[in-house]
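**Q** Before anything else, here's the structure in question.
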Amino acid sequence: MNIYGKILMQNKIVTAGIKIEDGRIEKISKQIDGKRIKGLIMPAGIDVHVHLRDFEESHKETIKNGTISALNGGICLVVDQPNTRPFIDSEDRYLERVRYARKFISVDYSLNIGLTRKNLDEINEIVSGLKNRGFNPAIGEIFLQHDNPEYQIPAERLKDTEHLSTIHAELPEFVESNRIPNFRFRMREAEIKAVEMLSGKHFYFCHISTKDSIEIISKSNCYAETTPHHLLLDESHYAVLREKVNVNPPLRTPEDRDFIMNNFFMVDVVASDHAPHTLMEKEAGASGYPGVETLYPLLMGQVFYGKLNIFDVAEKIAENPARIFGFRGYGRIEEGNYANLATFDFSHVEKIRAERLHFMHEWTPFEGFPGIFPHTVILRGEIVKEGENITEFSGRVFSNL
Ligand code: DOR
Ligand code: ZN
Ligand code: ZN
């Protein structure tokens with residue numbers, strides 16, 4: 001298959017054709033003609049932070065449902081987090097999850113291995129074992145702060161290893177759990193002090209929410225991830241979200257949000273932290289927002305309104321995730337890479353509506369926010385979305401072999 005149109009390459013937009021062969025980009029050239037694409041051809045996104053639940057929590061979300069949401073939102077690869085029930089904290093559990101996921105994924109898939117107080121001493125062996133089998137696990141720390149002290153890891157015991165470790169940086173002493181709105185009880189200091197303590201090492205900090213943490217990380221050898229909710233929502237949205245406001249880390253002040261938005265270049269990755277719950281659980285104060293489907297559309301909406309730069313968005317949603325996590329063949333529109341593409345038509349800005357999303361529970365904290373959904377999504381050379389039509393896709397578990 002060939003397609004032709006405006007293509008976002010690294011730091012430039014060119015009008016050319018893309019020749020796709022065996023799922024990969026064989027050639028990009030002005031001489032190639034093909035199916036005309038309206039709008040801009042972008043690299044499909046990588047969401048490196050999703051909680052696809054399933055197993056004993058399939059009432060919240062399933063792998064099947066979550067990856068169809070991802071596909072509709074222009075995401076080609078998701079990284080699932082290990083705090084499932086049961087936890088993914090050993091090689092056996094990891095293999096069980098991956099085998100199970102394989103049957104249901106509609107986009108490509110990777111899984112982080114959970115680090116807890118219990119497996120802290122064996123984690124390097126577990127990761128090496130999995131890498132030898134072709135898997136690509138980053139270490140997901142769960143958590144400095146966890147309601148179950150058996151899992152809580154004292155921050156000073158966290159070591160950086162040659163493997164990438166992703167940290168949920170909140171210190172328990174600044175956190176009072178199970179309160180609404182949690183931004184009054186899970187303090188900014190919980191994050192800032194944890195980041196301060198750990199930023200001398202080489203870590204990847206998940207869902208950074210404060211100005212101070214971003215500044216510290218930007219002067220360190222660490223990576224900063226943020227989320228659409230920390231870019232677009234703040235404490236004032238409590239007025240709208242009411243008892244569903246909780247998310248960890250919490251929404252922060254308008255100053256924090258503005259700082260992250262205005263200094264987007266300091267961020268390495270934007271990921272959704274897709275963390276679905278039932279509406280009843282949300283109303284009872286459960287923390288987490290669904291978001292894998294709205295991640296790319298929301299950022300493109302911000303591009304439309306001139307708040308974010310399109311090259312920055314491509315870098316933080318595709319290129320950097322691929323580079324930092326080692327997803328070879330992903331992240332850029334480049335000869336030899338997988339043909340994972342999402343096309344965006346800037347004349348189709350719409351209001352996000354929960355009822356049009358594919359999440360298991362019809363709710364989004366971004367109701368009414370502007371978004372641009374991809375018109376066409378191509379995964380490894382197959383058209384899987386065109387307009388309103390979605391085709392199920394056989395996603396693959398990422399392998400480095
Ligand atoms: O709000 C959150 N929910 N933050 C997390 O870090 C975990 C997540 C979840 O698993 O529900
Ligand atoms: Zn987290
Ligand atoms: Zn998370």
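Letters A, B, ... mark the chains of the structure tokens in the order given; residue numbers begin at 1 per chain; ligand numbers begin at 1, in order shown.
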As a PDB file with N, CA and C atoms, in the first residue's frame, please: the residues near Asp33 (chain A) (cut-off 12 Å, only C-alpha atoms, same-chain neighbours under 2 positions excluded).
**A**
ATOM      1  N   MET A   1       0.840  -1.196   0.000  1.00  0.00           N
ATOM      2  CA  MET A   1       0.000   0.000   0.000  1.00  0.00           C
ATOM      3  C   MET A   1       0.883   1.258   0.000  1.00  0.00           C
ATOM      4  N   ASN A   2       0.433   2.248  -0.742  1.00  0.00           N
ATOM      5  CA  ASN A   2       1.121   3.538  -0.705  1.00  0.00           C
ATOM      6  C   ASN A   2       0.147   4.615  -0.237  1.00  0.00           C
ATOM      7  N   ILE A   3       0.647   5.576   0.507  1.00  0.00           N
ATOM      8  CA  ILE A   3      -0.181   6.744   0.825  1.00  0.00           C
ATOM      9  C   ILE A   3       0.607   8.003   0.468  1.00  0.00           C
ATOM     10  N   TYR A   4      -0.127   9.085   0.325  1.00  0.00           N
ATOM     11  CA  TYR A   4       0.525  10.330  -0.111  1.00  0.00           C
ATOM     12  C   TYR A   4      -0.089  11.502   0.634  1.00  0.00           C
ATOM     13  N   GLY A   5       0.755  12.401   1.126  1.00  0.00           N
ATOM     14  CA  GLY A   5       0.213  13.593   1.793  1.00  0.00           C
ATOM     15  C   GLY A   5       1.304  14.337   2.535  1.00  0.00           C
ATOM     16  N   THR A  15       5.741  17.069   1.855  1.00  0.00           N
ATOM     17  CA  THR A  15       4.660  16.447   1.092  1.00  0.00           C
ATOM     18  C   THR A  15       5.295  15.376   0.226  1.00  0.00           C
ATOM     19  N   ALA A  16       4.915  14.140   0.486  1.00  0.00           N
ATOM     20  CA  ALA A  16       5.548  13.027  -0.232  1.00  0.00           C
ATOM     21  C   ALA A  16       4.687  11.779  -0.117  1.00  0.00           C
ATOM     22  N   GLY A  17       5.147  10.726  -0.733  1.00  0.00           N
ATOM     23  CA  GLY A  17       4.454   9.445  -0.647  1.00  0.00           C
ATOM     24  C   GLY A  17       5.217   8.500   0.278  1.00  0.00           C
ATOM     25  N   ILE A  18       4.478   7.574   0.866  1.00  0.00           N
ATOM     26  CA  ILE A  18       5.090   6.552   1.716  1.00  0.00           C
ATOM     27  C   ILE A  18       4.764   5.195   1.114  1.00  0.00           C
ATOM     28  N   LYS A  19       5.800   4.435   0.797  1.00  0.00           N
ATOM     29  CA  LYS A  19       5.584   3.078   0.285  1.00  0.00           C
ATOM     30  C   LYS A  19       5.660   2.117   1.469  1.00  0.00           C
ATOM     31  N   ILE A  20       4.568   1.386   1.684  1.00  0.00           N
ATOM     32  CA  ILE A  20       4.490   0.477   2.838  1.00  0.00           C
ATOM     33  C   ILE A  20       4.531  -0.956   2.335  1.00  0.00           C
ATOM     34  N   LYS A  27       9.870   3.133   1.743  1.00  0.00           N
ATOM     35  CA  LYS A  27      10.493   4.316   1.155  1.00  0.00           C
ATOM     36  C   LYS A  27       9.592   5.540   1.336  1.00  0.00           C
ATOM     37  N   ILE A  28      10.225   6.693   1.508  1.00  0.00           N
ATOM     38  CA  ILE A  28       9.488   7.961   1.541  1.00  0.00           C
ATOM     39  C   ILE A  28      10.068   8.814   0.429  1.00  0.00           C
ATOM     40  N   SER A  29       9.204   9.205  -0.516  1.00  0.00           N
ATOM     41  CA  SER A  29       9.740   9.953  -1.647  1.00  0.00           C
ATOM     42  C   SER A  29       8.640  10.738  -2.341  1.00  0.00           C
ATOM     43  N   LYS A  30       9.035  11.862  -2.918  1.00  0.00           N
ATOM     44  CA  LYS A  30       8.093  12.675  -3.691  1.00  0.00           C
ATOM     45  C   LYS A  30       7.624  11.926  -4.939  1.00  0.00           C
ATOM     46  N   GLN A  31       8.434  10.955  -5.364  1.00  0.00           N
ATOM     47  CA  GLN A  31       8.105  10.207  -6.575  1.00  0.00           C
ATOM     48  C   GLN A  31       7.017   9.149  -6.347  1.00  0.00           C
ATOM     49  N   LYS A  35      -2.683   6.575  -2.009  1.00  0.00           N
ATOM     50  CA  LYS A  35      -3.944   7.045  -1.428  1.00  0.00           C
ATOM     51  C   LYS A  35      -3.732   8.420  -0.800  1.00  0.00           C
ATOM     52  N   ARG A  36      -4.547   9.383  -1.242  1.00  0.00           N
ATOM     53  CA  ARG A  36      -4.362  10.761  -0.757  1.00  0.00           C
ATOM     54  C   ARG A  36      -4.886  10.912   0.668  1.00  0.00           C
ATOM     55  N   ILE A  37      -4.081  11.465   1.531  1.00  0.00           N
ATOM     56  CA  ILE A  37      -4.476  11.671   2.927  1.00  0.00           C
ATOM     57  C   ILE A  37      -4.752  13.152   3.149  1.00  0.00           C
TER      58      ILE A  37
END
**Q** Kindly provide, as a ChimeraX atom specification, all nucleotide and amino acid residues lying within 12 Å of ligand 2, counting only C-alpha atoms and all ligand atoms.
**A** /A:48-51,80-83,114,140-146,166-170,191,204-209,225-227,247-250,271-275,287-289
**Q** Looking at A:Asp47, A:Asp312, A:Glu367, A:Glu215, which one is nearest to ligand 3, with distances taken over only C-alpha atoms and all ligand atoms?
**A**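 Between A:Asp47, A:Asp312, A:Glu367, A:Glu215, the residue approaching ligand 3 most closely is A:Asp47.
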**Q** I'd like the neighbourhood of Glu235 (chain A) as a list in words, where a residue qualifies if any of its atoms comes within 12 Å (using only C-alpha atoms), though same-chain residues fewer than 3 positions away should be ignored.
**A**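 Counting only C-alpha atoms, the residues come to Ile180, Pro181, Asn182, Phe183, Arg184, Ser209, His229, His230, Leu231, Leu232, Tyr238, Ala239, Val240, Leu241, Arg242, Val245, Asn246, Val247, Pro249, Pro250, Leu251, Arg252, Thr253, Pro254, Glu255, Asp256 and Arg257 of chain A.
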**Q** Could the residues in this selection be saved with C-alpha atoms as a PDB file, in the first residue's frame?
**A**
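Final file, again34.pdb:
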ATOM      1  CA  ILE A 180     -11.786  13.847  48.765  1.00  0.00           C
ATOM      2  CA  PRO A 181     -10.577  16.106  47.242  1.00  0.00           C
ATOM      3  CA  ASN A 182      -7.205  14.429  47.554  1.00  0.00           C
ATOM      4  CA  PHE A 183      -5.257  17.524  46.459  1.00  0.00           C
ATOM      5  CA  ARG A 184      -5.794  18.883  49.974  1.00  0.00           C
ATOM      6  CA  SER A 209       2.523  17.305  38.517  1.00  0.00           C
ATOM      7  CA  HIS A 229      -4.685  15.972  33.245  1.00  0.00           C
ATOM      8  CA  HIS A 230      -1.710  17.719  34.788  1.00  0.00           C
ATOM      9  CA  LEU A 231      -1.381  19.841  31.638  1.00  0.00           C
ATOM     10  CA  LEU A 232      -5.051  20.724  31.232  1.00  0.00           C
ATOM     11  CA  TYR A 238     -13.024  20.245  41.509  1.00  0.00           C
ATOM     12  CA  ALA A 239     -16.031  22.487  40.880  1.00  0.00           C
ATOM     13  CA  VAL A 240     -16.911  20.369  37.844  1.00  0.00           C
ATOM     14  CA  LEU A 241     -15.501  16.947  38.716  1.00  0.00           C
ATOM     15  CA  ARG A 242     -16.722  16.969  42.335  1.00  0.00           C
ATOM     16  CA  VAL A 245     -11.738  14.535  41.157  1.00  0.00           C
ATOM     17  CA  ASN A 246      -9.226  12.141  42.748  1.00  0.00           C
ATOM     18  CA  VAL A 247      -6.168  11.079  40.818  1.00  0.00           C
ATOM     19  CA  PRO A 249      -0.742  12.507  42.044  1.00  0.00           C
ATOM     20  CA  PRO A 250      -3.617  14.945  42.496  1.00  0.00           C
ATOM     21  CA  LEU A 251      -4.550  17.877  40.328  1.00  0.00           C
ATOM     22  CA  ARG A 252      -2.412  20.833  41.352  1.00  0.00           C
ATOM     23  CA  THR A 253      -2.604  24.609  41.354  1.00  0.00           C
ATOM     24  CA  PRO A 254      -3.277  26.657  38.216  1.00  0.00           C
ATOM     25  CA  GLU A 255       0.325  27.908  38.546  1.00  0.00           C
ATOM     26  CA  ASP A 256       1.685  24.363  38.378  1.00  0.00           C
ATOM     27  CA  ARG A 257      -0.469  23.559  35.363  1.00  0.00           C
TER      28      ARG A 257
END
**Q** What is the distance between CA of Glu388 (chain A) and CA of Leu295 (chain A), in Å to one decimal?
**A**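 Between CA of Glu388 (chain A) and CA of Leu295 (chain A) the gap works out to 18.2 Å.
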**Q** Need the shell around Leu111 (chain A): protein/DNA/RNA residues with any atom at most 9 Å away, counting only C-alpha atoms. Skip same-chain ones fewer than 6 positions apart. Format as a PDB file with C-alpha atoms, in the first residue's frame?
**A**
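As written to disk, out-v9.pdb reads:
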ATOM      1  CA  VAL A  78       0.785   0.672  25.136  1.00  0.00           C
ATOM      2  CA  VAL A  79       2.887  -0.077  28.186  1.00  0.00           C
ATOM      3  CA  ASP A  80       0.764  -1.787  30.806  1.00  0.00           C
ATOM      4  CA  GLN A  81       1.497  -1.220  34.483  1.00  0.00           C
ATOM      5  CA  PRO A  82       2.053  -4.065  36.917  1.00  0.00           C
ATOM      6  CA  TYR A  94       4.796 -11.571  33.913  1.00  0.00           C
ATOM      7  CA  ARG A  97      -0.024 -11.704  31.872  1.00  0.00           C
ATOM      8  CA  VAL A  98       1.718 -11.486  28.509  1.00  0.00           C
ATOM      9  CA  PHE A 135      10.557  -8.984  26.460  1.00  0.00           C
ATOM     10  CA  ASN A 136      11.202  -5.352  27.164  1.00  0.00           C
ATOM     11  CA  PRO A 137      10.244  -4.626  30.756  1.00  0.00           C
ATOM     12  CA  ALA A 138      11.012  -1.374  32.438  1.00  0.00           C
ATOM     13  CA  VAL A 397       3.697  -8.129  22.388  1.00  0.00           C
ATOM     14  CA  PHE A 398       6.860  -6.126  21.783  1.00  0.00           C
TER      15      PHE A 398
END
**Q** Would you mind telling me which residue in A:Ala322, A:Cys222, A:Leu171, A:Val384 lies nearest to Arg186 (chain A) when using only C-alpha atoms?
**A**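 With only C-alpha atoms as the atom set, the closest residue is A:Leu171.
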**Q** Between A:Lys159, A:Lys307, A:His237, A:His375, which one has atoms that come closest to Asp121 (chain A), using only C-alpha atoms?
**A**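 For Asp121 (chain A), the nearest of the candidates is A:Lys159.
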**Q** Go through A:Gln152, A:Thr210, A:Met9, A:Ser165 one by one, measure the shortest atom-to-atom distance of each to Met187 (chain A) using only C-alpha atoms, and give the residue with the smallest value.
**A**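 Going through A:Gln152, A:Thr210, A:Met9, A:Ser165 one by one, the smallest distance to Met187 (chain A) is for A:Thr210.
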**Q** Might you pull out every residue within 6 Å of Thr376 (chain A), with only C-alpha atoms counted and same-chain residues fewer than 3 positions away left off, and present them as an MDAnalysis selection string?
**A** chainID A and resid 342:343 385:386
**Q** Deliver the residues from the most recent selection as a file, using N, CA and C atoms, as a PDB file, in the first residue's frame.
**A**
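Printed below is again.pdb as written:
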ATOM      1  N   ALA A 342      -0.870   7.892  12.224  1.00  0.00           N
ATOM      2  CA  ALA A 342      -2.183   8.447  12.579  1.00  0.00           C
ATOM      3  C   ALA A 342      -2.319   9.760  11.825  1.00  0.00           C
ATOM      4  N   THR A 343      -3.443   9.961  11.156  1.00  0.00           N
ATOM      5  CA  THR A 343      -3.600  11.190  10.381  1.00  0.00           C
ATOM      6  C   THR A 343      -4.598  12.111  11.071  1.00  0.00           C
ATOM      7  N   LYS A 385      -8.356   2.064  11.282  1.00  0.00           N
ATOM      8  CA  LYS A 385      -9.420   3.026  11.527  1.00  0.00           C
ATOM      9  C   LYS A 385      -9.504   3.950  10.322  1.00  0.00           C
ATOM     10  N   GLU A 386     -10.720   4.176   9.856  1.00  0.00           N
ATOM     11  CA  GLU A 386     -10.934   5.146   8.797  1.00  0.00           C
ATOM     12  C   GLU A 386     -12.271   5.813   9.085  1.00  0.00           C
TER      13      GLU A 386
END
